[in-house]
Amino acid sequence: MTNLLKNKINYLIKDIYIVSFELFKVMIPTIIVIKVLDSFGATSWLTIQVAPLLGVIGLPAEVALAITTTLLTNPYAGLLVLSSTPEALNLTVAQTTIIASFMLFTHGLIVEALISRNAGLRILPTVLIRVGGGFIFCYLLHVSFLNLGLFQNQASLHLPTMVSDPTLQQWILDQIFGLLFIQAIIIVLMIAIEILRSVGVEKIIQLILSPFLKILDIGTNAATIVIVGLTLGLGFGGGLMIKEVKQGAIPIRSVVGALVLINLFHSVFEDVGLMMLLGPSLTTILLVRAIFAFGFSYLIMRLSSLLPDPVFQKLMFNQRATLSSSVSKIS
């Protein structure tokens, strides 16, 4: 075994450890909190409150907890909650496609909104764009699927089966099994992502997306960061953007445009791969969602271009993201 291969394996093992640790650090307390809240009837209350909104996008009220868990934490935790929801067994492919789409738009909203703020996009626009964009997309999917009779067959979910209304001992065993299942998924996904990187898939994606990024007026520096965000996630892309913005290397409108797009469509390999456990339409959650994300980003940036520079900065850009005044120039 060559030193290069050993280094890659060591790097991969380290990556898997870091990702797993960060996820479980959030997931385990979340699972416990949800169990406690459930014992006080909070899940029933949440279901009643969210049911009307979920009905608009064609989803049963019972999946409310899985969706809100995903929004507040991460999709891994959301899927674990969904696996313990008995009604999940009766979902159609249309419904799992809508659930997967909404989770892809809104997962980890609090953490990722804070990352975006530090990179230059204000929190309120981030939340409105992601939740609003996700809801609009899912509503359009629901109407289209219903009117065209698409994906009405029962979905085949590949999630661990949890006992409904378990004893405390059975619940603990179920959660341990669920976490082991998630760990296995993380390992598979991280290996797959590393293989895709090695064969140069990122460069191919960059080539394909270049014309679209030009339409959004996203310059070369920001375009590279967008590619990182799309392939590796908002954490990586946002981290790079924070550094570039502090150095004043990217114009404000390019910063905002790039962050809007990354928020709507990121971590395409890991997140989409994970959502396939729900048995959704891959074409819809990948290609159709990508087209919507670019179109929605274009609309937001075109409307934003009508705003005077001071108003644009006040509404969209977080001035605290920069250390110098050089970035305050709009270009």
# chains A, B, ... in the order shown; residues from 1 in each chain; ligands from 1
>>> select_by_dssp(residues="range 4-225 of chain A", states="alpha helix (DSSP H)", output="ChimeraX atom specification")
/A:4-39,42-56,64-72,75-83,93-106,109-119,123-148,168-198,201-215,220-225
>>> residues_around(residues="range 174-190 of chain A", least_positions_apart="3", cutoff="10 Å", atoms="only C-alpha atoms", output="JSON, numbers by chain")
{"A": [12, 13, 15, 16, 17, 19, 20, 23, 24, 27, 28, 31, 32, 76, 77, 79, 80, 81, 83, 84, 159, 160, 161, 162, 163, 166, 168, 169, 170, 171, 193, 194, 195, 196, 269, 270, 271, 273, 274, 277]}
>>> atom_distance(atom1="CA of Lys8 in chain A", atom2="CA of Gly200 in chain A")
15.4 Å
>>> residues_around(residues="Val226 in chain A", least_positions_apart="2", cutoff="8 Å", atoms="only C-alpha atoms", output="ChimeraX atom specification")
/A:222-224,228-230,237,258-259,261-262
>>> write_last_selection(atoms="N, CA and C atoms", output="mmCIF file, in the first residue's frame")
data_model
loop_
_atom_site.group_PDB
_atom_site.id
_atom_site.type_symbol
_atom_site.label_atom_id
_atom_site.label_comp_id
_atom_site.auth_asym_id
_atom_site.auth_seq_id
_atom_site.Cartn_x
_atom_site.Cartn_y
_atom_site.Cartn_z
ATOM 1 N N ALA A 222 -16.440 33.464 -6.535
ATOM 2 C CA ALA A 222 -17.645 32.969 -5.865
ATOM 3 C C ALA A 222 -18.118 31.667 -6.502
ATOM 4 N N ALA A 223 -17.909 31.521 -7.817
ATOM 5 C CA ALA A 223 -18.349 30.311 -8.526
ATOM 6 C C ALA A 223 -17.654 29.074 -7.974
ATOM 7 N N THR A 224 -16.370 29.200 -7.682
ATOM 8 C CA THR A 224 -15.617 28.070 -7.110
ATOM 9 C C THR A 224 -16.199 27.667 -5.765
ATOM 10 N N VAL A 228 -18.086 24.089 -4.413
ATOM 11 C CA VAL A 228 -17.757 23.405 -3.149
ATOM 12 C C VAL A 228 -19.021 23.201 -2.323
ATOM 13 N N GLY A 229 -19.853 24.258 -2.239
ATOM 14 C CA GLY A 229 -21.097 24.165 -1.472
ATOM 15 C C GLY A 229 -22.057 23.148 -2.058
ATOM 16 N N LEU A 230 -22.195 23.154 -3.368
ATOM 17 C CA LEU A 230 -23.114 22.223 -4.027
ATOM 18 C C LEU A 230 -22.691 20.772 -3.821
ATOM 19 N N GLY A 237 -18.750 25.255 1.893
ATOM 20 C CA GLY A 237 -18.888 26.431 1.029
ATOM 21 C C GLY A 237 -18.991 27.708 1.819
ATOM 22 N N ALA A 258 -24.429 33.843 -4.509
ATOM 23 C CA ALA A 258 -23.826 32.527 -4.261
ATOM 24 C C ALA A 258 -24.454 31.863 -3.040
ATOM 25 N N LEU A 259 -24.657 32.630 -1.972
ATOM 26 C CA LEU A 259 -25.216 32.068 -0.736
ATOM 27 C C LEU A 259 -26.686 31.689 -0.892
ATOM 28 N N LEU A 261 -28.044 30.587 -3.681
ATOM 29 C CA LEU A 261 -28.035 29.340 -4.439
ATOM 30 C C LEU A 261 -27.573 28.166 -3.577
ATOM 31 N N ILE A 262 -26.498 28.364 -2.795
ATOM 32 C CA ILE A 262 -25.987 27.281 -1.951
ATOM 33 C C ILE A 262 -27.030 26.864 -0.914
#
>>> closest_residue(among="A:Arg122, A:Leu278, A:Val131, A:Gln154", to="Gln313 in chain A", atoms="only C-alpha atoms")
A:Arg122
>>> atom_distance(atom1="CA of Glu62 in chain A", atom2="CA of Thr167 in chain A")
20.6 Å
>>> closest_residue(among="A:Phe40, A:Phe145, A:Phe317, A:Phe212", to="Ile291 in chain A", atoms="only C-alpha atoms")
A:Phe212
>>> closest_residue(among="A:Ala66, A:Ile300, A:Leu148, A:Val311", to="Leu264 in chain A", atoms="only C-alpha atoms")
A:Ile300
>>> closest_atom_pairs(of="range 12-86 of chain A", to="range 132-135 of chain A", cutoff="12 Å", atoms="only C-alpha atoms", output="CSV")
residue,atom,partner,partner_atom,distance
A:Leu53,CA,A:Phe135,CA,9.2
A:Leu54,CA,A:Phe135,CA,9.4
A:Gly55,CA,A:Phe135,CA,11.6
A:Val56,CA,A:Phe135,CA,9.2
A:Ile57,CA,A:Phe135,CA,7.5
A:Gly58,CA,A:Phe135,CA,11.2
A:Leu59,CA,A:Phe135,CA,11.8
A:Ile67,CA,A:Gly134,CA,12.0
A:Leu71,CA,A:Gly134,CA,11.4
